[in-house]
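Listing of protein-v1.tsv, TSV, C-alpha atoms
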```tsv
chain	number	residue	atom	x	y	z
A	7	MET	CA	0.00	0.00	0.00
A	8	GLN	CA	1.13	3.58	-0.53
A	9	THR	CA	-0.33	4.66	2.79
A	10	GLU	CA	2.16	5.27	5.57
A	11	SER	CA	-0.31	4.82	8.43
A	12	LEU	CA	-1.45	1.46	7.08
A	13	ASN	CA	2.12	0.30	6.55
A	14	ARG	CA	2.83	1.07	10.19
A	15	ALA	CA	-0.14	-1.07	11.24
A	16	VAL	CA	0.48	-4.03	8.91
A	17	HIS	CA	3.64	-5.28	7.22
A	18	GLN	CA	3.60	-5.15	3.43
A	19	GLN	CA	4.28	-8.87	3.15
A	20	ASP	CA	1.20	-9.56	5.28
A	21	LEU	CA	-0.90	-7.34	3.01
A	22	ASP	CA	0.49	-9.13	-0.03
A	23	HIS	CA	-0.55	-12.44	1.53
A	24	VAL	CA	-4.11	-11.15	2.01
A	25	PHE	CA	-4.31	-9.91	-1.59
A	26	ALA	CA	-2.88	-13.19	-2.92
A	27	THR	CA	-5.37	-15.22	-0.88
A	28	ALA	CA	-8.29	-13.16	-2.18
A	29	ALA	CA	-7.06	-13.53	-5.78
A	30	GLN	CA	-6.42	-17.27	-5.44
A	31	HIS	CA	-10.03	-17.99	-4.48
A	32	ALA	CA	-11.82	-15.27	-6.49
A	33	ASP	CA	-12.92	-17.54	-9.32
A	34	ALA	CA	-14.19	-20.25	-6.97
A	35	VAL	CA	-16.09	-17.67	-4.91
A	36	ASP	CA	-17.74	-16.36	-8.07
A	37	ARG	CA	-18.44	-19.77	-9.57
A	38	GLU	CA	-19.89	-21.25	-6.37
A	39	GLY	CA	-21.65	-18.09	-5.21
A	40	ARG	CA	-20.14	-18.42	-1.74
A	41	ILE	CA	-18.68	-16.10	0.85
A	42	PRO	CA	-14.89	-15.60	0.38
A	43	THR	CA	-14.11	-17.41	3.62
A	44	GLU	CA	-10.38	-17.73	2.97
A	45	ALA	CA	-9.92	-14.00	2.31
A	46	LEU	CA	-12.00	-13.04	5.37
A	47	GLN	CA	-9.91	-15.37	7.52
A	48	ALA	CA	-6.75	-13.71	6.20
A	49	LEU	CA	-8.18	-10.25	6.91
A	50	ARG	CA	-9.09	-11.30	10.44
A	51	ALA	CA	-5.68	-12.88	11.05
A	52	GLU	CA	-3.95	-9.61	10.11
A	53	GLY	CA	-6.29	-7.49	12.23
A	54	LEU	CA	-7.74	-5.64	9.24
A	55	LEU	CA	-11.40	-5.64	10.32
A	56	GLY	CA	-11.12	-2.99	13.04
A	57	LEU	CA	-9.05	-0.38	11.24
A	58	LEU	CA	-11.35	2.58	11.92
A	59	VAL	CA	-11.84	1.90	15.64
A	60	PRO	CA	-10.45	4.78	17.77
A	61	ARG	CA	-7.27	4.30	19.76
A	62	ARG	CA	-9.12	4.76	23.06
A	63	PHE	CA	-10.84	1.45	22.36
A	64	GLY	CA	-7.63	-0.30	21.29
A	65	GLY	CA	-7.98	0.26	17.55
A	66	PRO	CA	-5.46	1.77	15.10
A	67	GLU	CA	-7.88	4.61	14.17
A	68	LEU	CA	-6.76	4.69	10.55
A	69	SER	CA	-8.03	7.26	8.11
A	70	MET	CA	-10.81	6.73	5.59
A	71	ARG	CA	-8.16	7.27	2.90
A	72	ALA	CA	-6.12	4.29	4.17
A	73	VAL	CA	-9.17	2.03	4.33
A	74	SER	CA	-10.29	3.20	0.88
A	75	ASN	CA	-6.91	2.32	-0.61
A	76	LEU	CA	-6.97	-1.12	0.99
A	77	CYS	CA	-10.51	-1.64	-0.28
A	78	ARG	CA	-9.37	-0.84	-3.82
A	79	ARG	CA	-6.46	-3.27	-3.64
A	80	LEU	CA	-8.68	-6.05	-2.31
A	81	SER	CA	-11.17	-5.41	-5.12
A	82	GLU	CA	-8.42	-5.73	-7.70
A	83	SER	CA	-7.86	-9.26	-6.35
A	84	CYS	CA	-11.47	-10.22	-5.66
A	85	ALA	CA	-14.34	-7.77	-6.03
A	86	ALA	CA	-16.64	-9.74	-3.72
A	87	THR	CA	-14.04	-9.61	-0.95
A	88	GLY	CA	-13.57	-5.89	-1.55
A	89	LEU	CA	-17.34	-5.35	-1.43
A	90	ILE	CA	-17.72	-7.16	1.89
A	91	PHE	CA	-14.74	-5.26	3.28
A	92	ALA	CA	-16.28	-1.96	2.12
A	93	MET	CA	-19.74	-2.68	3.52
A	94	HIS	CA	-18.29	-3.92	6.81
A	95	HIS	CA	-16.18	-0.79	7.32
A	96	SER	CA	-19.05	1.48	6.34
A	97	GLN	CA	-21.18	-0.13	9.06
A	98	ALA	CA	-18.24	0.02	11.47
A	99	ALA	CA	-17.94	3.76	10.78
A	100	VAL	CA	-21.62	4.20	11.65
A	101	ALA	CA	-21.22	2.28	14.91
A	102	ILE	CA	-18.13	4.31	15.83
A	103	ARG	CA	-19.83	7.65	15.12
A	104	GLN	CA	-22.97	6.72	17.08
A	105	THR	CA	-21.28	5.07	20.07
A	106	GLY	CA	-21.54	8.05	22.41
A	107	GLU	CA	-21.01	7.31	26.11
A	108	SER	CA	-22.73	3.92	26.16
A	109	GLU	CA	-20.68	1.32	28.04
A	110	TRP	CA	-22.25	-1.47	25.99
A	111	HIS	CA	-21.17	0.15	22.74
A	112	HIS	CA	-17.71	0.84	24.16
A	113	ARG	CA	-17.37	-2.89	24.75
A	114	LEU	CA	-18.59	-3.47	21.21
A	115	MET	CA	-15.79	-1.23	19.92
A	116	GLU	CA	-13.23	-3.20	21.90
A	117	GLY	CA	-14.66	-6.44	20.52
A	118	MET	CA	-14.40	-5.11	16.97
A	119	VAL	CA	-10.63	-4.91	17.52
A	120	ARG	CA	-10.01	-7.87	19.81
A	121	GLU	CA	-12.43	-10.34	18.21
A	122	GLN	CA	-12.34	-8.78	14.73
A	123	TYR	CA	-16.12	-8.74	14.42
A	124	VAL	CA	-17.62	-8.63	10.94
A	125	VAL	CA	-20.43	-6.04	10.89
A	126	ALA	CA	-23.39	-6.29	8.50
A	127	SER	CA	-26.36	-4.05	7.73
A	128	ALA	CA	-30.04	-4.92	8.15
A	129	THR	CA	-31.56	-1.57	7.26
A	130	THR	CA	-33.92	-2.53	4.42
A	131	GLU	CA	-37.39	-3.98	4.78
A	132	GLY	CA	-39.62	-5.69	2.24
A	133	THR	CA	-42.87	-4.07	3.36
A	134	VAL	CA	-41.59	-0.55	2.61
A	135	GLY	CA	-40.15	-1.36	-0.82
A	136	GLY	CA	-36.54	-1.53	0.33
A	137	SER	CA	-36.34	2.14	1.29
A	138	ILE	CA	-33.69	2.60	3.97
A	139	ARG	CA	-35.19	5.79	5.35
A	140	THR	CA	-38.52	4.27	6.39
A	141	SER	CA	-39.42	1.29	8.57
A	142	ALA	CA	-42.55	-0.66	9.31
A	143	CYS	CA	-40.98	-2.62	12.17
A	144	PHE	CA	-40.47	-0.98	15.56
A	145	LEU	CA	-38.41	-1.36	18.73
A	146	ASP	CA	-40.66	-3.28	21.09
A	147	ARG	CA	-39.54	-2.79	24.71
A	148	ARG	CA	-40.84	-5.58	26.93
A	149	SER	CA	-40.09	-6.80	30.43
A	150	ASP	CA	-37.76	-9.50	29.07
A	151	GLY	CA	-35.83	-7.18	26.78
A	152	LEU	CA	-36.01	-5.46	23.41
A	153	HIS	CA	-37.88	-7.37	20.69
A	154	LEU	CA	-37.63	-6.66	16.98
A	155	HIS	CA	-39.22	-8.30	13.95
A	156	LYS	CA	-38.21	-7.12	10.47
A	157	GLY	CA	-39.72	-8.76	7.40
A	158	GLY	CA	-37.91	-9.17	4.09
A	159	ALA	CA	-34.62	-7.60	5.16
A	160	VAL	CA	-31.93	-7.77	2.46
A	161	ILE	CA	-28.66	-8.67	4.19
A	162	SER	CA	-25.27	-9.30	2.61
A	163	TYR	CA	-22.72	-11.85	3.88
A	164	SER	CA	-25.06	-12.80	6.75
A	165	GLY	CA	-23.31	-16.15	7.16
A	166	ALA	CA	-20.05	-14.41	8.06
A	167	ALA	CA	-21.40	-11.54	10.18
A	168	ASP	CA	-20.98	-11.29	13.96
A	169	VAL	CA	-22.89	-8.03	14.45
A	170	PHE	CA	-25.95	-6.70	12.63
A	171	LEU	CA	-26.92	-3.02	12.62
A	172	VAL	CA	-30.73	-3.04	12.43
A	173	SER	CA	-32.94	0.00	11.84
A	174	ALA	CA	-36.49	0.30	13.14
A	175	ARG	CA	-39.07	2.85	14.25
A	176	ARG	CA	-38.45	4.27	17.71
A	177	ASP	CA	-41.63	2.61	19.03
A	178	ALA	CA	-45.02	1.39	17.85
A	179	GLU	CA	-46.44	4.92	17.65
A	180	ALA	CA	-43.51	6.52	15.81
A	181	ALA	CA	-43.65	7.71	12.21
A	182	ALA	CA	-42.09	5.52	9.53
A	183	SER	CA	-39.11	7.87	9.27
A	184	ASP	CA	-38.59	8.21	13.05
A	185	GLN	CA	-35.95	5.49	13.21
A	186	GLN	CA	-33.20	4.35	15.51
A	187	LEU	CA	-30.37	1.89	15.06
A	188	VAL	CA	-29.58	-1.08	17.27
A	189	ALA	CA	-26.53	-3.38	17.28
A	190	VAL	CA	-27.63	-7.01	17.51
A	191	MET	CA	-25.17	-9.83	18.09
A	192	ARG	CA	-25.47	-12.99	16.02
A	193	ASN	CA	-26.60	-15.11	18.98
A	194	GLN	CA	-29.42	-12.65	19.67
A	195	LEU	CA	-31.26	-13.04	16.38
A	196	GLU	CA	-32.79	-15.58	14.07
A	197	LEU	CA	-32.76	-15.21	10.30
A	198	THR	CA	-35.39	-17.07	8.29
A	199	PRO	CA	-34.49	-17.20	4.56
A	200	ARG	CA	-37.03	-15.90	2.07
A	201	GLY	CA	-35.53	-17.35	-1.10
A	202	ARG	CA	-31.95	-17.19	-2.34
A	203	TRP	CA	-30.66	-14.73	-4.90
A	204	ASN	CA	-28.64	-15.97	-7.85
A	205	PRO	CA	-27.18	-12.76	-9.31
A	206	LEU	CA	-24.96	-12.21	-12.33
A	207	GLY	CA	-22.12	-10.61	-10.41
A	208	MET	CA	-20.77	-9.95	-6.91
A	209	ARG	CA	-21.92	-13.48	-6.17
A	210	GLY	CA	-19.59	-13.84	-3.19
A	211	ALA	CA	-21.42	-11.10	-1.28
A	212	CYS	CA	-24.26	-13.62	-0.77
A	213	THR	CA	-26.95	-10.97	-0.53
A	214	ASP	CA	-30.15	-12.74	0.54
A	215	ARG	CA	-33.56	-11.77	1.89
A	216	PHE	CA	-34.58	-12.77	5.41
A	217	ASP	CA	-37.25	-12.37	8.04
A	218	LEU	CA	-35.34	-11.17	11.10
A	219	ALA	CA	-36.40	-11.80	14.69
A	220	ALA	CA	-34.23	-10.44	17.51
A	221	ARG	CA	-34.27	-10.11	21.27
A	222	CYS	CA	-31.57	-8.11	22.98
A	223	SER	CA	-31.05	-5.40	25.60
A	224	PRO	CA	-32.37	-1.82	25.22
A	225	GLU	CA	-28.84	-0.60	25.98
A	226	GLN	CA	-27.80	-1.87	22.55
A	227	ILE	CA	-29.76	0.96	20.88
A	228	PHE	CA	-27.44	3.65	19.57
A	229	GLU	CA	-27.80	7.24	20.69
A	230	GLY	CA	-29.35	9.65	18.22
A	231	THR	CA	-31.53	9.07	15.20
A	232	PHE	CA	-30.92	6.81	12.25
A	233	ALA	CA	-31.32	9.87	10.00
A	234	LYS	CA	-28.27	11.41	11.68
A	235	ALA	CA	-26.29	8.19	11.33
A	236	MET	CA	-27.32	7.99	7.69
A	237	SER	CA	-26.27	11.52	6.73
A	238	GLU	CA	-23.10	11.75	8.82
A	239	SER	CA	-21.67	8.27	8.38
A	240	MET	CA	-23.53	5.68	6.34
A	241	LEU	CA	-24.07	7.65	3.13
A	242	PRO	CA	-20.57	9.16	2.79
A	243	THR	CA	-18.61	6.10	3.87
A	244	SER	CA	-20.64	3.65	1.81
A	245	HIS	CA	-20.32	5.74	-1.35
A	246	ILE	CA	-16.59	6.33	-0.82
A	247	LEU	CA	-15.79	2.69	-0.08
A	248	LEU	CA	-18.05	1.32	-2.81
A	249	GLY	CA	-16.39	3.79	-5.17
A	250	SER	CA	-13.09	2.18	-4.16
A	251	VAL	CA	-14.54	-1.22	-5.07
A	252	TRP	CA	-15.58	-0.07	-8.54
A	253	LEU	CA	-12.17	1.54	-9.03
A	254	GLY	CA	-10.50	-1.75	-8.08
A	255	VAL	CA	-12.62	-3.67	-10.60
A	256	ALA	CA	-11.79	-1.13	-13.33
A	257	VAL	CA	-8.06	-1.17	-12.55
A	258	SER	CA	-7.98	-4.97	-12.59
A	259	ALA	CA	-9.82	-5.17	-15.93
A	260	LEU	CA	-7.61	-2.56	-17.57
A	261	SER	CA	-4.49	-4.27	-16.20
A	262	ARG	CA	-5.51	-7.45	-18.01
A	263	ALA	CA	-6.00	-5.48	-21.21
A	264	ARG	CA	-2.55	-3.93	-20.82
A	265	ALA	CA	-1.01	-7.35	-20.17
A	266	PHE	CA	-2.77	-8.70	-23.26
A	267	LEU	CA	-1.25	-6.01	-25.50
A	268	ARG	CA	2.19	-6.47	-24.00
A	269	ALA	CA	2.03	-10.23	-24.54
A	270	ARG	CA	1.08	-9.73	-28.19
A	271	ASN	CA	3.94	-7.29	-28.69
A	272	ARG	CA	6.42	-9.73	-27.13
A	273	ASN	CA	5.20	-12.38	-29.54
A	274	GLY	CA	5.96	-10.15	-32.50
A	275	VAL	CA	2.40	-8.99	-33.26
A	276	PRO	CA	2.48	-5.42	-34.60
A	277	ILE	CA	1.14	-2.70	-32.31
A	278	ASN	CA	-2.55	-2.13	-32.88
A	279	PRO	CA	-3.06	1.66	-32.87
A	280	ILE	CA	-6.79	1.37	-32.17
A	281	ALA	CA	-6.19	-0.91	-29.18
A	282	SER	CA	-3.53	1.49	-27.88
A	283	LEU	CA	-6.00	4.38	-28.13
A	284	ARG	CA	-8.58	2.37	-26.24
A	285	LEU	CA	-6.04	1.59	-23.52
A	286	ALA	CA	-5.36	5.31	-23.17
A	287	GLU	CA	-9.11	5.97	-23.08
A	288	GLY	CA	-9.53	3.42	-20.31
A	289	GLU	CA	-6.67	4.93	-18.33
A	290	ALA	CA	-8.24	8.38	-18.64
A	291	MET	CA	-11.48	7.03	-17.16
A	292	VAL	CA	-9.59	5.31	-14.33
A	293	GLN	CA	-7.90	8.61	-13.52
A	294	GLN	CA	-11.29	10.28	-13.53
A	295	MET	CA	-12.49	7.74	-10.98
A	296	ARG	CA	-9.40	8.32	-8.86
A	297	GLY	CA	-9.99	12.06	-8.92
A	298	MET	CA	-13.63	11.80	-7.85
A	299	LEU	CA	-12.75	9.38	-5.10
A	300	ALA	CA	-9.85	11.49	-3.77
A	301	ALA	CA	-12.02	14.62	-3.73
A	302	ASN	CA	-14.74	12.92	-1.71
A	303	VAL	CA	-12.30	11.33	0.72
A	304	ALA	CA	-10.83	14.79	1.33
A	305	LEU	CA	-14.34	16.22	1.78
A	306	TYR	CA	-15.16	13.53	4.35
A	307	GLU	CA	-11.91	13.87	6.29
A	308	ASP	CA	-11.66	17.68	6.27
A	309	GLY	CA	-13.62	18.87	9.27
A	310	ARG	CA	-12.76	22.46	8.39
A	311	SER	CA	-14.36	22.33	4.96
A	312	GLN	CA	-16.83	25.12	4.25
A	313	ALA	CA	-18.95	22.82	2.10
A	314	SER	CA	-22.58	22.78	3.13
A	315	GLY	CA	-24.42	19.61	4.04
A	316	LEU	CA	-26.24	19.92	0.72
A	317	ASP	CA	-22.99	20.15	-1.26
A	318	ARG	CA	-21.60	17.15	0.58
A	319	MET	CA	-24.66	15.03	-0.10
A	320	VAL	CA	-24.65	15.90	-3.79
A	321	SER	CA	-20.92	15.17	-4.05
A	322	TYR	CA	-21.13	11.77	-2.34
A	323	ASN	CA	-24.11	10.74	-4.44
A	324	ALA	CA	-22.43	11.95	-7.64
A	325	LEU	CA	-19.40	9.83	-6.75
A	326	LYS	CA	-21.56	6.73	-6.40
A	327	VAL	CA	-23.35	7.24	-9.71
A	328	GLY	CA	-20.27	8.40	-11.62
A	329	ALA	CA	-17.99	5.62	-10.38
A	330	SER	CA	-20.55	2.90	-11.14
A	331	GLU	CA	-20.99	4.17	-14.69
A	332	LEU	CA	-17.25	4.51	-15.32
A	333	ALA	CA	-16.55	1.00	-13.99
A	334	VAL	CA	-18.83	-0.45	-16.67
A	335	ARG	CA	-17.24	1.68	-19.39
A	336	VAL	CA	-13.69	0.70	-18.41
A	337	THR	CA	-14.48	-3.03	-18.38
A	338	ASP	CA	-16.10	-2.61	-21.81
A	339	VAL	CA	-12.94	-0.94	-23.12
A	340	ALA	CA	-10.84	-3.78	-21.68
A	341	LEU	CA	-13.07	-6.35	-23.40
A	342	ARG	CA	-12.71	-4.61	-26.76
A	343	ILE	CA	-8.93	-4.67	-26.36
A	344	CYS	CA	-8.73	-8.35	-25.37
A	345	GLY	CA	-11.37	-9.43	-27.87
A	346	ILE	CA	-12.42	-13.07	-27.84
A	347	GLN	CA	-9.84	-13.94	-25.16
A	348	GLY	CA	-11.51	-11.48	-22.83
A	349	TYR	CA	-14.90	-12.94	-23.68
A	350	MET	CA	-13.94	-16.40	-22.46
A	351	GLU	CA	-14.81	-17.75	-18.99
A	352	GLU	CA	-11.23	-18.80	-18.36
A	353	GLY	CA	-7.69	-18.14	-19.49
A	354	GLU	CA	-5.09	-15.50	-18.74
A	355	PHE	CA	-7.10	-12.54	-20.04
A	356	TYR	CA	-10.74	-13.44	-19.38
A	357	LEU	CA	-12.95	-10.56	-18.21
A	358	SER	CA	-16.35	-12.16	-17.63
A	359	ARG	CA	-16.19	-11.82	-13.84
A	360	HIS	CA	-15.07	-8.19	-14.05
A	361	ILE	CA	-17.86	-7.30	-16.45
A	362	ARG	CA	-20.56	-8.96	-14.36
A	363	ASP	CA	-19.23	-7.44	-11.13
A	364	ALA	CA	-19.04	-3.96	-12.68
A	365	HIS	CA	-22.67	-4.08	-13.77
A	366	SER	CA	-23.75	-4.69	-10.18
A	367	ALA	CA	-22.59	-1.16	-9.30
A	368	ALA	CA	-25.61	0.60	-10.82
A	369	VAL	CA	-28.21	-1.59	-9.13
A	370	MET	CA	-26.70	-2.02	-5.66
A	371	VAL	CA	-28.42	1.02	-4.13
A	372	ASN	CA	-30.02	1.83	-7.46
A	373	ASP	CA	-28.51	4.78	-9.32
A	374	ASP	CA	-31.93	5.91	-10.56
A	375	ARG	CA	-33.18	6.11	-6.97
A	376	ILE	CA	-30.15	8.20	-6.01
A	377	LEU	CA	-30.60	10.51	-9.00
A	378	GLY	CA	-34.29	10.81	-8.16
A	379	ASN	CA	-33.45	11.90	-4.63
A	380	MET	CA	-30.91	14.38	-5.99
A	381	SER	CA	-33.15	15.86	-8.68
A	382	SER	CA	-35.20	18.21	-6.52
A	383	VAL	CA	-32.07	19.34	-4.70
A	384	VAL	CA	-30.11	20.01	-7.88
A	385	LEU	CA	-33.07	21.79	-9.49
A	386	GLY	CA	-32.93	24.57	-6.94
A	387	ALA	CA	-29.16	24.70	-6.43
A	388	PRO	CA	-26.90	27.26	-8.14
A	389	LEU	CA	-24.33	25.91	-10.58
A	390	GLU	CA	-21.86	28.80	-10.35
A	391	ARG	CA	-19.81	27.54	-7.39
A	392	ASP	CA	-16.08	27.92	-6.78
A	393	ILE	CA	-13.82	24.89	-7.07
```
Would you encode the structure as structure tokens?
Amino acid sequence: MQTESLNRAVHQQDLDHVFATAAQHADAVDREGRIPTEALQALRAEGLLGLLVPRRFGGPELSMRAVSNLCRRLSESCAATGLIFAMHHSQAAVAIRQTGESEWHHRLMEGMVREQYVVASATTEGTVGGSIRTSACFLDRRSDGLHLHKGGAVISYSGAADVFLVSARRDAEAAASDQQLVAVMRNQLELTPRGRWNPLGMRGACTDRFDLAARCSPEQIFEGTFAKAMSESMLPTSHILLGSVWLGVAVSALSRARAFLRARNRNGVPINPIASLRLAEGEAMVQQMRGMLAANVALYEDGRSQASGLDRMVSYNALKVGASELAVRVTDVALRICGIQGYMEEGEFYLSRHIRDAHSAAVMVNDDRILGNMSSVVLGAPLERDI
């Protein structure tokens, strides 16, 4: 990694081992539609699942930039591993931001470092059309604890998760948007499958739909509203880290195209000027992705920024939409360069997995929904802003 803080936390050879493990099993994970167990074990062994946890809880408290770079490198090796890593750290960032002075959540932070908990999200619900910002279920406080029943929740990598962040209405009388977030441990909930997905790409994320039933302690409810957690942590970190995933997929695809051209040149095949132009076009798009990602990481990390909450929201959402579109375009360019060898399901230069994974970007948190939410905001916003 080219990140000094991360290098201090983990030796480069250990990182290389993690990347190699993810790459070694990437095809099997995709083919079998299974969780990348080997890569997750390697991440846990190197202590890479608690990178954002503050030092006061025993964590390394690394920057979002460092985690974003690691996410990109993982995604170059195995996009499904990178996606799980991104989603986990986005949820971890939410938990960290909302911890407050709760002793229970302080212990959760310590466990995220010591036990290397994997954190998953259970914030969607079938009865409200999958909208994160509304809930039908509610936090039911009873004499024997807090009860929660959420129907049709879409949860990724549930089989590997130790902690689930679940959203629900504050109580039975609360409005659909009056939500709070609760951290539920795996042994405190039951997940009943509601059919298994069989997607084209990102198959290793194992995103399935469940009916969720939980009983835990009221002290596991985070302070503040879910709306606050969403705007301050979940939206920016998820878009930044998912943007890193799409960048990793694009870089990996274009690297195969570059290797393909170099191999042809070594074998005496004349340089194809059209293919060379396409390689340059792909590199330009990769640099565009890097620029968008770097700008949004800086926006997130710069507490002194004068950007308004509105500007931040538009920027993070634009990153998500822009990166997902560019990832598809770069993999298409790589396929055109590699030709029939890229179209194969195997071989040194195949790109089928990259193409299928890249197309998941636009529909995982649907781009049209994001643009729809942005449209009314952008309609009334001035365009003549300083850089």
Nearest to Ile280 of chain A by atom-to-atom distance, counting all atoms listed in the file, from A:Pro224, A:Arg262, A:Arg342, A:Ile246: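 The shortest atom-to-atom distance to Ile280 of chain A comes from A:Arg342.
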Residues within 12 Å of Asp374 of chain A, only C-alpha atoms, excluding chain neighbours under 6 positions, as a PyMOL selection string: chain A and resi 323-324+326-328+330-331+367-368+380-381
Who sits within 7 Å of segment 348-362 of chain A, all atoms listed in the file, same chain under 2 positions skipped, as a PDB file with C-alpha atoms, in the frame of the given file:
```pdb
ATOM      1  CA  LEU A 206     -24.960 -12.210 -12.330  1.00  0.00           C
ATOM      2  CA  GLY A 207     -22.120 -10.610 -10.410  1.00  0.00           C
ATOM      3  CA  VAL A 255     -12.620  -3.670 -10.600  1.00  0.00           C
ATOM      4  CA  ALA A 259      -9.820  -5.170 -15.930  1.00  0.00           C
ATOM      5  CA  ARG A 262      -5.510  -7.450 -18.010  1.00  0.00           C
ATOM      6  CA  PHE A 266      -2.770  -8.700 -23.260  1.00  0.00           C
ATOM      7  CA  VAL A 334     -18.830  -0.450 -16.670  1.00  0.00           C
ATOM      8  CA  THR A 337     -14.480  -3.030 -18.380  1.00  0.00           C
ATOM      9  CA  LEU A 341     -13.070  -6.350 -23.400  1.00  0.00           C
ATOM     10  CA  CYS A 344      -8.730  -8.350 -25.370  1.00  0.00           C
ATOM     11  CA  GLY A 345     -11.370  -9.430 -27.870  1.00  0.00           C
ATOM     12  CA  ILE A 346     -12.420 -13.070 -27.840  1.00  0.00           C
ATOM     13  CA  ALA A 364     -19.040  -3.960 -12.680  1.00  0.00           C
ATOM     14  CA  HIS A 365     -22.670  -4.080 -13.770  1.00  0.00           C
ATOM     15  CA  SER A 366     -23.750  -4.690 -10.180  1.00  0.00           C
TER      16      SER A 366
END
```
Kindly provide the residues of segment 140-200 of chain A that approach segment 79-96 of chain A to within 12 Å, each paired with its closest atom pair and their distance in Å to one decimal, based on only C-alpha atoms, listed by chain and increasing number, as JSON lines.
```
{"residue": "A:Ile161", "atom": "CA", "partner": "A:Met93", "partner_atom": "CA", "distance": 10.8}
{"residue": "A:Ser162", "atom": "CA", "partner": "A:Ile90", "partner_atom": "CA", "distance": 7.9}
{"residue": "A:Tyr163", "atom": "CA", "partner": "A:Ile90", "partner_atom": "CA", "distance": 7.1}
{"residue": "A:Ser164", "atom": "CA", "partner": "A:Ile90", "partner_atom": "CA", "distance": 10.5}
{"residue": "A:Gly165", "atom": "CA", "partner": "A:Ile90", "partner_atom": "CA", "distance": 11.8}
{"residue": "A:Ala166", "atom": "CA", "partner": "A:Ile90", "partner_atom": "CA", "distance": 9.8}
{"residue": "A:Ala167", "atom": "CA", "partner": "A:His94", "partner_atom": "CA", "distance": 8.9}
{"residue": "A:Asp168", "atom": "CA", "partner": "A:His94", "partner_atom": "CA", "distance": 10.6}
{"residue": "A:Val169", "atom": "CA", "partner": "A:His94", "partner_atom": "CA", "distance": 9.8}
{"residue": "A:Phe170", "atom": "CA", "partner": "A:His94", "partner_atom": "CA", "distance": 10.0}
{"residue": "A:Leu171", "atom": "CA", "partner": "A:His94", "partner_atom": "CA", "distance": 10.4}
```
Interatomic distance, atom CA of Pro60 of chain A to atom CA of Gly254 of chain A (Å, one decimal):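 So the two atoms, atom CA of Pro60 of chain A and atom CA of Gly254 of chain A, lie 26.7 Å apart.
Each of A:Tyr123, A:Phe25, A:Trp110, A:Tyr306 was compared to Ser223 of chain A using all atoms listed in the file, and A:Trp110 turns out to be the nearest.
As for atom CA of Arg202 of chain A and atom CA of His153 of chain A, they are spaced 25.7 Å apart.
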Arg176 of chain A surroundings by all atoms listed in the file, 6 Å radius, close-in-sequence under 2 positions cut, as a list in words: Leu145, Ala180, Gln185 and Gln186 of chain A
Atom pair atom CA of Val35 of chain A / atom CA of Asp22 of chain A: separation (Å):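 For atom CA of Val35 of chain A relative to atom CA of Asp22 of chain A, the distance reads 19.3 Å.
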Please, what is the axis-aligned box for every listed atom of segment 92-101 of chain A with 5 Å on each side, as centre and edge lengths in Å to one decimal, as lines of an AutoDock Vina configuration file?
```
center_x = -18.9
center_y = 0.1
center_z = 8.5
size_x = 15.4
size_y = 18.1
size_z = 22.8
```
From A:Gln293, A:Thr231, A:Ser141, A:Asn204, residue lying nearest Leu187 of chain A [all atoms listed in the file]: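 Nearest candidate to Leu187 of chain A out of A:Gln293, A:Thr231, A:Ser141, A:Asn204: A:Thr231.
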From A:Leu57, A:Leu299, A:Leu385, A:Met191, residue lying nearest His245 of chain A [all atoms listed in the file]: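 Residue with the minimum atom-to-atom distance to His245 of chain A: A:Leu299.
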Residue nearest Leu325 of chain A - candidates A:Ser250, A:Thr130, A:Thr198, A:Gln18, atoms counted: all atoms listed in the file: A:Ser250
Counting all atoms listed in the file, the option among A:Glu52, A:Cys143, A:His111, A:Cys222 closest to Asp184 of chain A: A:Cys143
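A cut-off of 12 Å from the point (-31.8, -17.6, -4.7), with all atoms listed in the file, picks out the residues Gly39, Pro199, Arg200, Gly201, Arg202, Trp203, Asn204, Pro205, Leu206, Arg209, Cys212, Thr213, Asp214, Arg215 and Phe216 of chain A.
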Selection as a ChimeraX atom specification: residues within 8 Å of (-7.1, -1.4, 21.7), counting all atoms listed in the file: /A:61-66,116,119-120
